[in-house]
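Printed here is final.pdb (PDB, C-alpha atoms):
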```pdb
ATOM      1  CA  MET Z 443     -13.465  -5.100  -3.093
ATOM      2  CA  ASP Z 444     -17.004  -4.985  -4.406
ATOM      3  CA  TYR Z 445     -17.209  -1.202  -4.148
ATOM      4  CA  HIS Z 446     -15.253  -0.928  -7.433
ATOM      5  CA  GLN Z 447     -16.388  -4.177  -9.031
ATOM      6  CA  ASP Z 448     -17.545  -2.298 -12.134
ATOM      7  CA  ARG Z 449     -13.899  -1.459 -12.969
ATOM      8  CA  PHE Z 450     -12.561  -5.015 -12.951
ATOM      9  CA  ASP Z 451     -13.454  -8.424 -14.348
ATOM     10  CA  ASP Z 452     -12.941 -10.224 -11.064
ATOM     11  CA  TYR Z 453     -11.189 -13.598 -11.050
ATOM     12  CA  SER Z 454     -10.298 -14.001  -7.384
ATOM     13  CA  LEU Z 455      -9.445 -17.555  -6.352
ATOM     14  CA  LEU Z 456      -9.889 -19.560  -3.148
ATOM     15  CA  ILE Z 457      -7.611 -22.527  -2.427
ATOM     16  CA  PHE Z 458      -8.986 -25.371  -0.306
ATOM     17  CA  LYS Z 459      -7.471 -28.259   1.610
ATOM     18  CA  ASN Z 460      -9.878 -30.843   3.052
ATOM     19  CA  ASN Z 461     -12.803 -28.477   2.418
ATOM     20  CA  LYS Z 462     -11.118 -25.679   4.365
ATOM     21  CA  VAL Z 463      -9.926 -22.418   2.783
ATOM     22  CA  ILE Z 464      -6.185 -22.127   3.363
ATOM     23  CA  ALA Z 465      -5.261 -19.413   0.841
ATOM     24  CA  LEU Z 466      -6.705 -16.862  -1.531
ATOM     25  CA  LEU Z 467      -5.585 -14.806  -4.478
ATOM     26  CA  PRO Z 468      -7.425 -11.505  -5.002
ATOM     27  CA  ALA Z 469      -7.302 -11.199  -8.795
ATOM     28  CA  HIS Z 470      -8.946 -10.068 -11.998
ATOM     29  CA  LYS Z 471      -8.513 -10.981 -15.646
ATOM     30  CA  ILE Z 472      -7.717  -9.121 -18.830
ATOM     31  CA  ASP Z 473      -7.716 -11.257 -21.979
ATOM     32  CA  ASN Z 474      -5.432 -14.255 -21.295
ATOM     33  CA  THR Z 475      -3.668 -12.742 -18.261
ATOM     34  CA  ILE Z 476      -4.532 -13.020 -14.574
ATOM     35  CA  TYR Z 477      -3.532 -10.010 -12.453
ATOM     36  CA  SER Z 478      -3.059  -9.640  -8.727
ATOM     37  CA  HIS Z 479      -5.991  -7.341  -8.123
ATOM     38  CA  LYS Z 480      -5.122  -3.831  -9.308
ATOM     39  CA  GLY Z 481      -7.858  -2.455  -7.080
ATOM     40  CA  LEU Z 482      -5.749  -3.292  -4.024
ATOM     41  CA  THR Z 483      -2.665  -1.383  -2.914
ATOM     42  CA  TYR Z 484      -1.011  -4.615  -1.817
ATOM     43  CA  GLY Z 485      -1.745  -8.136  -3.009
ATOM     44  CA  GLY Z 486      -0.329 -11.527  -3.781
ATOM     45  CA  LEU Z 487      -1.162 -15.006  -2.550
ATOM     46  CA  ILE Z 488      -2.585 -14.674   0.969
ATOM     47  CA  THR Z 489      -2.238 -17.721   3.213
ATOM     48  CA  SER Z 490      -3.100 -18.674   6.760
ATOM     49  CA  GLU Z 491      -0.342 -18.562   9.374
ATOM     50  CA  GLU Z 492      -0.301 -22.376   9.574
ATOM     51  CA  ILE Z 493       0.852 -22.818   5.976
ATOM     52  CA  LYS Z 494       4.380 -24.241   5.692
ATOM     53  CA  LEU Z 495       6.578 -24.229   2.602
ATOM     54  CA  ARG Z 496       5.374 -27.508   1.062
ATOM     55  CA  ASP Z 497       1.724 -26.489   1.322
ATOM     56  CA  PHE Z 498       2.569 -23.030  -0.007
ATOM     57  CA  VAL Z 499       4.140 -24.605  -3.078
ATOM     58  CA  SER Z 500       1.055 -26.794  -3.490
ATOM     59  CA  CYS Z 501      -1.194 -23.757  -3.243
ATOM     60  CA  PHE Z 502       0.767 -21.917  -5.866
ATOM     61  CA  LYS Z 503       0.819 -24.932  -8.162
ATOM     62  CA  SER Z 504      -2.945 -25.270  -7.766
ATOM     63  CA  VAL Z 505      -3.408 -21.638  -8.795
ATOM     64  CA  MET Z 506      -1.153 -21.994 -11.831
ATOM     65  CA  THR Z 507      -2.752 -25.283 -12.901
ATOM     66  CA  PHE Z 508      -6.243 -23.842 -12.553
ATOM     67  CA  CYS Z 509      -5.284 -20.842 -14.678
ATOM     68  CA  VAL Z 510      -3.689 -23.038 -17.371
ATOM     69  CA  ASN Z 511      -6.786 -25.237 -17.500
ATOM     70  CA  HIS Z 512      -8.923 -22.158 -18.055
ATOM     71  CA  GLY Z 513      -6.891 -20.892 -20.986
ATOM     72  CA  PHE Z 514      -4.680 -18.273 -19.348
ATOM     73  CA  LYS Z 515      -1.055 -17.764 -20.353
ATOM     74  CA  THR Z 516       0.394 -15.336 -17.798
ATOM     75  CA  LEU Z 517      -0.005 -14.540 -14.104
ATOM     76  CA  HIS Z 518       0.990 -10.993 -13.162
ATOM     77  CA  LEU Z 519       1.731 -11.250  -9.443
ATOM     78  CA  LYS Z 520       1.957  -8.318  -7.051
ATOM     79  CA  GLN Z 521       4.096  -9.056  -4.010
ATOM     80  CA  LEU Z 522       2.929  -8.291  -0.481
ATOM     81  CA  PRO Z 523       5.585  -6.084   1.190
ATOM     82  CA  SER Z 524       7.280  -7.890   4.054
ATOM     83  CA  ILE Z 525       6.297  -5.303   6.679
ATOM     84  CA  TYR Z 526       2.639  -6.322   6.344
ATOM     85  CA  THR Z 527       3.112  -9.990   7.141
ATOM     86  CA  VAL Z 528       2.519 -11.323  10.626
ATOM     87  CA  ILE Z 529       5.208 -13.993  10.246
ATOM     88  CA  PRO Z 530       8.144 -14.451   7.807
ATOM     89  CA  ASN Z 531       6.671 -14.813   4.333
ATOM     90  CA  ASP Z 532       9.254 -14.887   1.521
ATOM     91  CA  GLU Z 533       7.986 -18.077  -0.109
ATOM     92  CA  VAL Z 534       6.889 -16.139  -3.189
ATOM     93  CA  GLN Z 535      10.380 -14.765  -3.688
ATOM     94  CA  TYR Z 536      11.769 -18.285  -3.767
ATOM     95  CA  LEU Z 537       9.123 -19.534  -6.188
ATOM     96  CA  MET Z 538       9.793 -16.641  -8.550
ATOM     97  CA  PHE Z 539      13.399 -17.879  -8.728
ATOM     98  CA  ILE Z 540      12.314 -21.464  -9.427
ATOM     99  CA  LEU Z 541       9.838 -20.372 -12.113
ATOM    100  CA  ASN Z 542      12.287 -17.967 -13.804
ATOM    101  CA  ALA Z 543       9.612 -15.303 -13.445
ATOM    102  CA  ASN Z 544      10.205 -11.949 -15.099
ATOM    103  CA  LEU Z 545      10.582  -8.980 -12.739
ATOM    104  CA  ALA Z 546       8.228  -6.571 -14.494
ATOM    105  CA  ARG Z 547       8.292  -3.725 -11.985
ATOM    106  CA  ARG Z 548       9.866  -2.784  -8.661
ATOM    107  CA  ASP Z 549       8.483   0.056  -6.541
ATOM    108  CA  THR Z 550      10.230   1.692  -3.597
ATOM    109  CA  LEU Z 551       8.310   2.280  -0.368
ATOM    110  CA  SER Z 552       9.541   4.780   2.202
ATOM    111  CA  VAL Z 553       9.104   3.024   5.540
ATOM    112  CA  LEU Z 554       9.865   4.306   9.021
ATOM    113  CA  SER Z 555      10.749   1.773  11.720
ATOM    114  CA  LEU Z 556       8.946   2.935  14.852
ATOM    115  CA  LYS Z 557      10.906   0.477  17.011
ATOM    116  CA  SER Z 558      14.141   2.348  16.320
ATOM    117  CA  LYS Z 559      15.234   5.722  17.613
ATOM    118  CA  LEU Z 560      13.786   8.351  15.300
ATOM    119  CA  LYS Z 561      16.302  10.496  13.432
ATOM    120  CA  ILE Z 562      14.345  13.534  12.249
ATOM    121  CA  SER Z 563      16.061  15.917   9.851
ATOM    122  CA  LYS Z 564      16.535  19.625  10.554
ATOM    123  CA  ASP Z 565      14.165  20.478   7.695
ATOM    124  CA  ARG Z 566      11.310  18.444   9.178
ATOM    125  CA  LEU Z 567      11.926  19.844  12.659
ATOM    126  CA  ALA Z 568      11.996  23.369  11.252
ATOM    127  CA  GLY Z 569       8.648  22.745   9.565
ATOM    128  CA  HIS Z 570       7.242  21.521  12.862
ATOM    129  CA  THR Z 571       8.462  24.689  14.583
ATOM    130  CA  ARG Z 572       6.816  26.888  11.918
ATOM    131  CA  ALA Z 573       3.547  25.033  12.394
ATOM    132  CA  ILE Z 574       3.563  25.689  16.129
ATOM    133  CA  LYS Z 575       4.224  29.397  15.535
ATOM    134  CA  HIS Z 576       1.275  29.500  13.138
ATOM    135  CA  GLY Z 577      -0.952  27.835  15.715
ATOM    136  CA  LEU Z 578      -1.794  24.740  13.652
ATOM    137  CA  LYS Z 579      -3.893  21.951  15.151
ATOM    138  CA  VAL Z 580      -4.345  18.289  14.165
ATOM    139  CA  LYS Z 581      -7.764  16.651  14.442
ATOM    140  CA  GLU Z 582      -8.957  13.139  13.628
ATOM    141  CA  VAL Z 583     -12.307  13.363  11.854
ATOM    142  CA  ASP Z 584     -14.878  10.930  10.501
ATOM    143  CA  ASP Z 585     -15.954  13.200   7.628
ATOM    144  CA  PHE Z 586     -13.769  13.022   4.500
ATOM    145  CA  LYS Z 587     -15.556  15.764   2.525
ATOM    146  CA  GLU Z 588     -13.378  18.647   3.718
ATOM    147  CA  PHE Z 589     -10.091  16.964   2.836
ATOM    148  CA  TRP Z 590     -11.304  15.489  -0.451
ATOM    149  CA  ASN Z 591     -13.040  18.590  -1.793
ATOM    150  CA  LYS Z 592     -10.849  21.401  -0.452
ATOM    151  CA  ILE Z 593      -7.360  19.833  -0.493
ATOM    152  CA  LEU Z 594      -6.898  16.465  -2.212
ATOM    153  CA  ILE Z 595      -8.957  16.794  -5.402
ATOM    154  CA  PRO Z 596      -7.816  20.376  -6.203
ATOM    155  CA  ASN Z 597      -4.149  19.439  -5.610
ATOM    156  CA  LEU Z 598      -4.167  16.307  -7.754
ATOM    157  CA  ASN Z 599      -5.994  18.115 -10.532
ATOM    158  CA  ALA Z 600      -3.648  21.122 -10.478
ATOM    159  CA  LYS Z 601      -0.382  19.138 -10.264
ATOM    160  CA  HIS Z 602      -1.078  15.938 -12.162
ATOM    161  CA  LYS Z 603      -4.451  16.385 -13.935
ATOM    162  CA  THR Z 604      -5.662  13.295 -12.062
ATOM    163  CA  GLN Z 605      -8.257  12.332  -9.476
ATOM    164  CA  PRO Z 606      -7.843  10.311  -6.254
ATOM    165  CA  VAL Z 607      -7.976   6.555  -6.804
ATOM    166  CA  HIS Z 608     -10.949   6.501  -4.423
ATOM    167  CA  THR Z 609     -13.885   8.789  -5.020
ATOM    168  CA  LEU Z 610     -15.346  10.541  -1.995
ATOM    169  CA  GLU Z 611     -18.261   8.108  -2.012
ATOM    170  CA  GLU Z 612     -15.916   5.112  -2.138
ATOM    171  CA  ILE Z 613     -13.721   6.228   0.762
ATOM    172  CA  GLU Z 614     -16.846   6.995   2.805
ATOM    173  CA  LEU Z 615     -18.125   3.486   2.100
ATOM    174  CA  LEU Z 616     -14.780   1.977   3.142
ATOM    175  CA  LYS Z 617     -14.862   4.045   6.342
ATOM    176  CA  GLN Z 618     -18.350   2.747   7.056
ATOM    177  CA  ARG Z 619     -17.235  -0.866   6.573
ATOM    178  CA  PHE Z 620     -13.864  -0.518   8.312
ATOM    179  CA  PRO Z 621     -14.312   2.299  10.861
ATOM    180  CA  LYS Z 622     -11.200   1.438  12.860
ATOM    181  CA  GLN Z 623      -8.908   0.845   9.874
ATOM    182  CA  ILE Z 624      -9.698   3.874   7.664
ATOM    183  CA  ARG Z 625      -8.787   7.062   9.521
ATOM    184  CA  GLN Z 626      -8.640  10.710   8.492
ATOM    185  CA  PHE Z 627      -6.374  13.303  10.125
ATOM    186  CA  ASN Z 628      -6.705  16.973   9.155
ATOM    187  CA  VAL Z 629      -4.587  20.023   9.984
ATOM    188  CA  TYR Z 630      -6.310  23.336  10.701
ATOM    189  CA  LYS Z 631      -5.175  26.939  10.888
ATOM    190  CA  ASP Z 632      -7.853  28.639  12.926
ATOM    191  CA  ALA Z 633     -11.031  27.068  11.481
ATOM    192  CA  SER Z 634      -9.679  26.383   7.991
ATOM    193  CA  ILE Z 635      -8.284  23.048   6.796
ATOM    194  CA  VAL Z 636      -4.753  23.378   5.378
ATOM    195  CA  ALA Z 637      -3.588  19.747   5.071
ATOM    196  CA  GLY Z 638      -4.457  16.161   5.803
ATOM    197  CA  THR Z 639      -3.707  12.486   5.376
ATOM    198  CA  THR Z 640      -5.830   9.351   5.029
ATOM    199  CA  ILE Z 641      -4.402   6.458   7.027
ATOM    200  CA  PHE Z 642      -4.955   2.751   6.442
ATOM    201  CA  ASP Z 643      -4.377   1.301   9.916
ATOM    202  CA  THR Z 644      -3.256  -2.356   9.941
ATOM    203  CA  LYS Z 645      -2.088  -4.616  12.740
ATOM    204  CA  HIS Z 646       1.581  -3.658  12.579
ATOM    205  CA  VAL Z 647       1.701  -0.783  10.087
ATOM    206  CA  ALA Z 648       0.102   2.625   9.607
ATOM    207  CA  HIS Z 649       0.045   3.548   5.912
ATOM    208  CA  SER Z 650      -0.521   7.053   4.521
ATOM    209  CA  GLN Z 651      -2.731   6.363   1.508
ATOM    210  CA  TYR Z 652      -3.206  10.062   0.693
ATOM    211  CA  ILE Z 653      -1.042  12.999   1.788
ATOM    212  CA  SER Z 654      -1.842  16.544   0.694
ATOM    213  CA  GLY Z 655      -1.617  20.174   1.810
ATOM    214  CA  ASN Z 656      -2.659  23.533   0.427
ATOM    215  CA  GLU Z 657      -0.326  25.903  -1.433
ATOM    216  CA  ASP Z 658       1.019  27.222   1.904
ATOM    217  CA  LYS Z 659       2.107  23.804   3.199
ATOM    218  CA  ASN Z 660       5.823  24.609   3.101
ATOM    219  CA  GLU Z 661       5.436  28.019   4.709
ATOM    220  CA  LEU Z 662       3.138  26.622   7.393
ATOM    221  CA  GLY Z 663       5.000  23.348   7.939
ATOM    222  CA  SER Z 664       1.609  21.637   7.999
ATOM    223  CA  LEU Z 665       2.618  18.217   6.652
ATOM    224  CA  ASP Z 666       5.736  18.060   8.847
ATOM    225  CA  PHE Z 667       3.612  18.932  11.875
ATOM    226  CA  LEU Z 668       0.962  16.352  10.965
ATOM    227  CA  HIS Z 669       3.288  13.426  10.414
ATOM    228  CA  LEU Z 670       5.472  14.080  13.435
ATOM    229  CA  HIS Z 671       2.277  14.067  15.476
ATOM    230  CA  LEU Z 672       1.201  10.762  13.919
ATOM    231  CA  ILE Z 673       4.478   8.897  14.361
ATOM    232  CA  LYS Z 674       5.147  10.194  17.876
ATOM    233  CA  ASN Z 675       1.675  10.343  19.421
ATOM    234  CA  VAL Z 676      -0.821   8.251  17.453
ATOM    235  CA  PHE Z 677       0.997   5.280  15.936
ATOM    236  CA  GLN Z 678       4.059   5.096  18.167
ATOM    237  CA  ASN Z 679       3.194   1.523  19.177
ATOM    238  CA  LYS Z 680       3.125   0.207  15.606
ATOM    239  CA  SER Z 681       6.129  -1.526  14.105
ATOM    240  CA  CYS Z 682       6.291   0.701  11.018
ATOM    241  CA  PHE Z 683       4.886   3.797   9.392
ATOM    242  CA  ASP Z 684       4.567   3.395   5.616
ATOM    243  CA  PHE Z 685       4.693   6.632   3.614
ATOM    244  CA  GLY Z 686       4.093   4.646   0.414
ATOM    245  CA  ILE Z 687       5.805   4.961  -2.941
ATOM    246  CA  SER Z 688       7.391   7.951  -4.633
ATOM    247  CA  ASN Z 689       7.643   6.131  -7.949
ATOM    248  CA  GLU Z 690       6.477   7.147 -11.382
ATOM    249  CA  ASN Z 691       6.662   5.483 -14.812
ATOM    250  CA  GLN Z 692       5.994   1.946 -13.566
ATOM    251  CA  GLY Z 693       8.694   2.138 -10.912
ATOM    252  CA  LYS Z 694      11.492   3.349 -13.194
ATOM    253  CA  HIS Z 695      11.648   6.883 -11.796
ATOM    254  CA  ILE Z 696      11.440   8.391  -8.322
ATOM    255  CA  ASN Z 697      10.059  11.797  -7.395
ATOM    256  CA  GLU Z 698      13.207  13.044  -5.671
ATOM    257  CA  GLY Z 699      11.580  15.852  -3.707
ATOM    258  CA  LEU Z 700       8.835  13.617  -2.346
ATOM    259  CA  ASN Z 701      11.317  10.884  -1.449
ATOM    260  CA  TYR Z 702      13.562  13.457   0.286
ATOM    261  CA  TRP Z 703      10.638  14.677   2.375
ATOM    262  CA  LYS Z 704       9.750  11.161   3.540
ATOM    263  CA  GLU Z 705      13.354  10.286   4.373
ATOM    264  CA  GLY Z 706      13.496  13.416   6.522
ATOM    265  CA  PHE Z 707      11.394  11.577   9.111
ATOM    266  CA  GLY Z 708      13.887   8.700   9.155
ATOM    267  CA  ALA Z 709      12.105   6.559   6.566
ATOM    268  CA  ARG Z 710      14.196   4.204   4.486
ATOM    269  CA  THR Z 711      13.532   2.070   1.418
ATOM    270  CA  ILE Z 712      11.947  -1.332   1.047
ATOM    271  CA  THR Z 713      10.705  -2.686  -2.273
ATOM    272  CA  GLN Z 714       7.540  -4.160  -3.693
ATOM    273  CA  ASP Z 715       8.000  -6.425  -6.712
ATOM    274  CA  PHE Z 716       5.680  -7.282  -9.591
ATOM    275  CA  TYR Z 717       6.308 -10.478 -11.572
ATOM    276  CA  ASP Z 718       5.109 -11.878 -14.879
ATOM    277  CA  ILE Z 719       4.896 -15.666 -14.603
ATOM    278  CA  ASN Z 720       4.676 -17.893 -17.654
ATOM    279  CA  LEU Z 721       2.002 -20.390 -16.593
ATOM    280  CA  ASP Z 722       3.541 -23.089 -18.772
ATOM    281  CA  THR Z 723       6.417 -23.331 -16.256
ATOM    282  CA  VAL Z 724       4.160 -24.853 -13.579
ATOM    283  CA  ASP Z 725       5.963 -28.237 -13.769
ATOM    284  CA  LYS Z 726       9.100 -26.603 -12.372
ATOM    285  CA  LEU Z 727       7.387 -26.612  -8.990
ATOM    286  CA  ASP Z 728       7.590 -30.407  -8.980
ATOM    287  CA  THR Z 729      11.396 -30.276  -8.907
ATOM    288  CA  ILE Z 730      11.801 -28.403  -5.608
ATOM    289  CA  PHE Z 731      11.655 -31.086  -2.937
ATOM    290  CA  ILE Z 732      14.173 -33.942  -3.062
TER     291      ILE Z 732
END
```
Output the file's structure as structure tokens, nothing else.
Amino acid sequence: MDYHQDRFDDYSLLIFKNNKVIALLPAHKIDNTIYSHKGLTYGGLITSEEIKLRDFVSCFKSVMTFCVNHGFKTLHLKQLPSIYTVIPNDEVQYLMFILNANLARRDTLSVLSLKSKLKISKDRLAGHTRAIKHGLKVKEVDDFKEFWNKILIPNLNAKHKTQPVHTLEEIELLKQRFPKQIRQFNVYKDASIVAGTTIFDTKHVAHSQYISGNEDKNELGSLDFLHLHLIKNVFQNKSCFDFGISNENQGKHINEGLNYWKEGFGARTITQDFYDINLDTVDKLDTIFI
């Protein structure tokens, strides 16, 4: 996370048992609040696979107690979506119930199960057919400059007056550090780039971090062509393909057109929750086991 350390006042925590790290909480602080690190797409309390419920509760109590002792009032916790866990991992959900935590935000992720029979809509198949007629090609590349400078940055600026969360230099640094996990797929018409996506490749899930096409993307069917190629030929052995959120306004609204496009590949909704925890409720964790 150090590539954007200048943006955050880091307060990440390590939890030990018998001098061995058994959990960690990527986090930063703002005033008297601790946040699951906003520089990460997904976060929460990360534990080893050996951790059972009692130790998980102890870990969480240790985090809360530490924060209280250092003058903090609130922990804003970002949940890790269930598709990214190696084993069942809903302990946080249970503890949020015990602590009467406030559900501050709930995002919807469009996720495609790659272990089920794909049900592709007519619209997405039609886009794929148009792409073939236009002679489009998909290439995996190691250079992000083309996509960032010719497609992604111009699109975000024109549509939303924003910039990508990662600068070109930052995504290049991440690629250098994680060459097998950060992958770029571009679509070309003749020699010109017309679309692309940046994939974060995890053990069980492929996640489209950025998806963008030029102004002819609908006519060309470039994004349909790209993602059908990815889910059928590149990541077909993963458990899931995560198209990410279509939410705006802190989860309260959904971009209907974007959500419709993702569901056309067979994606369906899972949620990612964000909780505000009053740290003064830490003693409630002592009441769980009887």
Z:Leu554 proximity check over Z:Val724, Z:Ile488, Z:Leu466, Z:Ile673, using only C-alpha atoms: winner is Z:Ile673
Check your understanding: stretch 505-511 of chain Z: which residues within 10 Å, counting only C-alpha atoms, same-chain residues fewer than 5 positions away excluded, as a list in words?
Key ->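 Counting only C-alpha atoms, the residues come to Leu455, Leu456, Ile457, Leu466, Leu467, Asn474, Thr475, Ile476, Leu487, Val499, Ser500, Thr516, Leu517, Ile719, Asn720, Leu721, Asp722, Thr723, Val724 and Asp725 of chain Z.
The gap separating atom CA of Z:Gly481 from atom CA of Z:Phe458 is 23.9 Å, in Å to one decimal.
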* Asked: Got a sec: who's within 7 Å of stretch 531-542 of chain Z, counting only C-alpha atoms, leaving out chain neighbours fewer than 3 positions off, as a ChimeraX atom specification?
  -> /Z:495,524,527,723,726
(Q) Give me, as a VMD selection string, all polymer residues having an atom no more than 7 Å from Z:Ile593, counting all atoms listed in the file and skipping those fewer than 2 positions away in the same chain. (A) chain Z and resid 589 to 591 595 to 597 637 654 to 656
Name every residue that the PyMOL selection byres ((chain Z and resi 587) around 12) selects in this structure, writing the answer as a PyMOL selection string with chains first and numbers rising. chain Z and resi 583-586+588-595+609-614+626+628+635+638+640
Atom CA of Z:Glu705 sits from atom CA of Z:Leu551 at a separation of 10.6 Å
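Atom to atom, atom CA of Z:Phe677 and atom CA of Z:Leu556 stand 8.4 Å apart.
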- Query: Mind telling me what the PyMOL selection byres ((chain Z and resi 545) around 9) catches here, as a PyMOL selection string?
  - Reply: chain Z and resi 538+543-544+546-548+715-719
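Matched in the shown structure by the PyMOL selection byres ((chain Z and resi 669) around 10): Arg566, His570, Val580, Phe627, Gly638, Thr639, Ser650, Ile653, Ser664, Leu665, Asp666, Phe667, Leu668, Leu670, His671, Leu672, Ile673, Lys674, Asn675, Val676, Phe683, Phe685, Lys704 and Phe707 of chain Z.
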Selected residues written out with C-alpha atoms, as a PDB file, in the coordinates of the input:
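Result written to selection.pdb:
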```
ATOM      1  CA  ARG Z 566      11.310  18.444   9.178  1.00  0.00           C
ATOM      2  CA  HIS Z 570       7.242  21.521  12.862  1.00  0.00           C
ATOM      3  CA  VAL Z 580      -4.345  18.289  14.165  1.00  0.00           C
ATOM      4  CA  PHE Z 627      -6.374  13.303  10.125  1.00  0.00           C
ATOM      5  CA  GLY Z 638      -4.457  16.161   5.803  1.00  0.00           C
ATOM      6  CA  THR Z 639      -3.707  12.486   5.376  1.00  0.00           C
ATOM      7  CA  SER Z 650      -0.521   7.053   4.521  1.00  0.00           C
ATOM      8  CA  ILE Z 653      -1.042  12.999   1.788  1.00  0.00           C
ATOM      9  CA  SER Z 664       1.609  21.637   7.999  1.00  0.00           C
ATOM     10  CA  LEU Z 665       2.618  18.217   6.652  1.00  0.00           C
ATOM     11  CA  ASP Z 666       5.736  18.060   8.847  1.00  0.00           C
ATOM     12  CA  PHE Z 667       3.612  18.932  11.875  1.00  0.00           C
ATOM     13  CA  LEU Z 668       0.962  16.352  10.965  1.00  0.00           C
ATOM     14  CA  LEU Z 670       5.472  14.080  13.435  1.00  0.00           C
ATOM     15  CA  HIS Z 671       2.277  14.067  15.476  1.00  0.00           C
ATOM     16  CA  LEU Z 672       1.201  10.762  13.919  1.00  0.00           C
ATOM     17  CA  ILE Z 673       4.478   8.897  14.361  1.00  0.00           C
ATOM     18  CA  LYS Z 674       5.147  10.194  17.876  1.00  0.00           C
ATOM     19  CA  ASN Z 675       1.675  10.343  19.421  1.00  0.00           C
ATOM     20  CA  VAL Z 676      -0.821   8.251  17.453  1.00  0.00           C
ATOM     21  CA  PHE Z 683       4.886   3.797   9.392  1.00  0.00           C
ATOM     22  CA  PHE Z 685       4.693   6.632   3.614  1.00  0.00           C
ATOM     23  CA  LYS Z 704       9.750  11.161   3.540  1.00  0.00           C
ATOM     24  CA  PHE Z 707      11.394  11.577   9.111  1.00  0.00           C
TER      25      PHE Z 707
END
```
Query raised in the report: Residues at most 10 Å from Z:Asn697, counting only C-alpha atoms, excluding those fewer than 4 positions away in the same chain, as an MDAnalysis selection string?
Result: chainID Z and resid 687:690 701:702
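When all atoms listed in the file are used to measure the gap to Z:Thr483, the shortest distance among Z:Lys659, Z:His695, Z:Lys601, Z:Lys520 belongs to Z:Lys520.
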ask   = Counting all atoms listed in the file, which of Z:Ser552, Z:Phe514, Z:Glu492, Z:Ile525 gets nearest to Z:Ile696?
value =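 Once distances to Z:Ile696 are computed over all atoms listed in the file, the minimum belongs to Z:Ser552.
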So which one's closest to Z:Gly486, Z:Lys603, Z:Gly569, Z:Gly513, Z:Gln714? Using all atoms listed in the file, please.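 Once distances to Z:Gly486 are computed over all atoms listed in the file, the minimum belongs to Z:Gln714.
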Selected residue, from Z:Tyr526, Z:Lys564, Z:Val607, Z:Thr571, that lies nearest to Z:Lys480 when counting only C-alpha atoms =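 Under the stated criterion, the closest residue is Z:Val607.
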Padding 8 Å on every side, please: axis-aligned box over the listed atoms of stretch 471-490 of chain Z, centre and edge lengths to one decimal in Å, as JSON.
```
{"center_x": -4.4, "center_y": -10.0, "center_z": -7.6, "size_x": 24.2, "size_y": 33.3, "size_z": 44.7}
```
Next on the checklist: Given all atoms listed in the file as the basis, pick out the residue of Z:His512, Z:His646, Z:His608, Z:Lys575 nearest to Z:Gln623.
Outcome noted: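 When distances to Z:Gln623 are compared using all atoms listed in the file, the smallest one comes from Z:His646.
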- prompt: Need the neighbours of (4.8, -2.6, 14.5): which residues are at most 8 Å away, counting all atoms listed in the file, as a list of chain:residue names?
  reply: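 All residues meeting the 8 Å criterion around (4.8, -2.6, 14.5) are Z:Ser555, Z:Leu556, Z:Lys557, Z:Lys645, Z:His646, Z:Val647, Z:Asn679, Z:Lys680, Z:Ser681, Z:Cys682.
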Expected file content for stretch 562-573 of chain Z, N, CA and C atoms, as a PDB file, in the first residue's frame:
```
ATOM      1  N   ILE Z 562     -25.940 -16.034 -21.376  1.00  0.00           N
ATOM      2  CA  ILE Z 562     -25.595 -14.752 -21.984  1.00  0.00           C
ATOM      3  C   ILE Z 562     -26.813 -14.174 -22.677  1.00  0.00           C
ATOM      4  N   SER Z 563     -27.064 -12.896 -22.477  1.00  0.00           N
ATOM      5  CA  SER Z 563     -28.243 -12.270 -23.083  1.00  0.00           C
ATOM      6  C   SER Z 563     -28.053 -12.065 -24.584  1.00  0.00           C
ATOM      7  N   LYS Z 564     -29.168 -11.866 -25.278  1.00  0.00           N
ATOM      8  CA  LYS Z 564     -29.128 -11.618 -26.724  1.00  0.00           C
ATOM      9  C   LYS Z 564     -28.353 -10.347 -27.042  1.00  0.00           C
ATOM     10  N   ASP Z 565     -28.468  -9.336 -26.192  1.00  0.00           N
ATOM     11  CA  ASP Z 565     -27.752  -8.076 -26.432  1.00  0.00           C
ATOM     12  C   ASP Z 565     -26.240  -8.281 -26.415  1.00  0.00           C
ATOM     13  N   ARG Z 566     -25.758  -9.063 -25.430  1.00  0.00           N
ATOM     14  CA  ARG Z 566     -24.314  -9.280 -25.326  1.00  0.00           C
ATOM     15  C   ARG Z 566     -23.824 -10.151 -26.486  1.00  0.00           C
ATOM     16  N   LEU Z 567     -24.614 -11.135 -26.873  1.00  0.00           N
ATOM     17  CA  LEU Z 567     -24.233 -11.976 -28.006  1.00  0.00           C
ATOM     18  C   LEU Z 567     -24.243 -11.183 -29.307  1.00  0.00           C
ATOM     19  N   ALA Z 568     -25.196 -10.266 -29.436  1.00  0.00           N
ATOM     20  CA  ALA Z 568     -25.248  -9.426 -30.630  1.00  0.00           C
ATOM     21  C   ALA Z 568     -24.022  -8.526 -30.706  1.00  0.00           C
ATOM     22  N   GLY Z 569     -23.596  -7.988 -29.552  1.00  0.00           N
ATOM     23  CA  GLY Z 569     -22.394  -7.174 -29.523  1.00  0.00           C
ATOM     24  C   GLY Z 569     -21.172  -7.980 -29.929  1.00  0.00           C
ATOM     25  N   HIS Z 570     -21.103  -9.213 -29.468  1.00  0.00           N
ATOM     26  CA  HIS Z 570     -20.001 -10.094 -29.835  1.00  0.00           C
ATOM     27  C   HIS Z 570     -19.974 -10.338 -31.339  1.00  0.00           C
ATOM     28  N   THR Z 571     -21.152 -10.537 -31.929  1.00  0.00           N
ATOM     29  CA  THR Z 571     -21.243 -10.763 -33.370  1.00  0.00           C
ATOM     30  C   THR Z 571     -20.783  -9.526 -34.146  1.00  0.00           C
ATOM     31  N   ARG Z 572     -21.175  -8.328 -33.681  1.00  0.00           N
ATOM     32  CA  ARG Z 572     -20.729  -7.099 -34.348  1.00  0.00           C
ATOM     33  C   ARG Z 572     -19.213  -6.972 -34.295  1.00  0.00           C
ATOM     34  N   ALA Z 573     -18.640  -7.334 -33.167  1.00  0.00           N
ATOM     35  CA  ALA Z 573     -17.188  -7.229 -33.009  1.00  0.00           C
ATOM     36  C   ALA Z 573     -16.453  -8.133 -33.993  1.00  0.00           C
TER      37      ALA Z 573
END
```
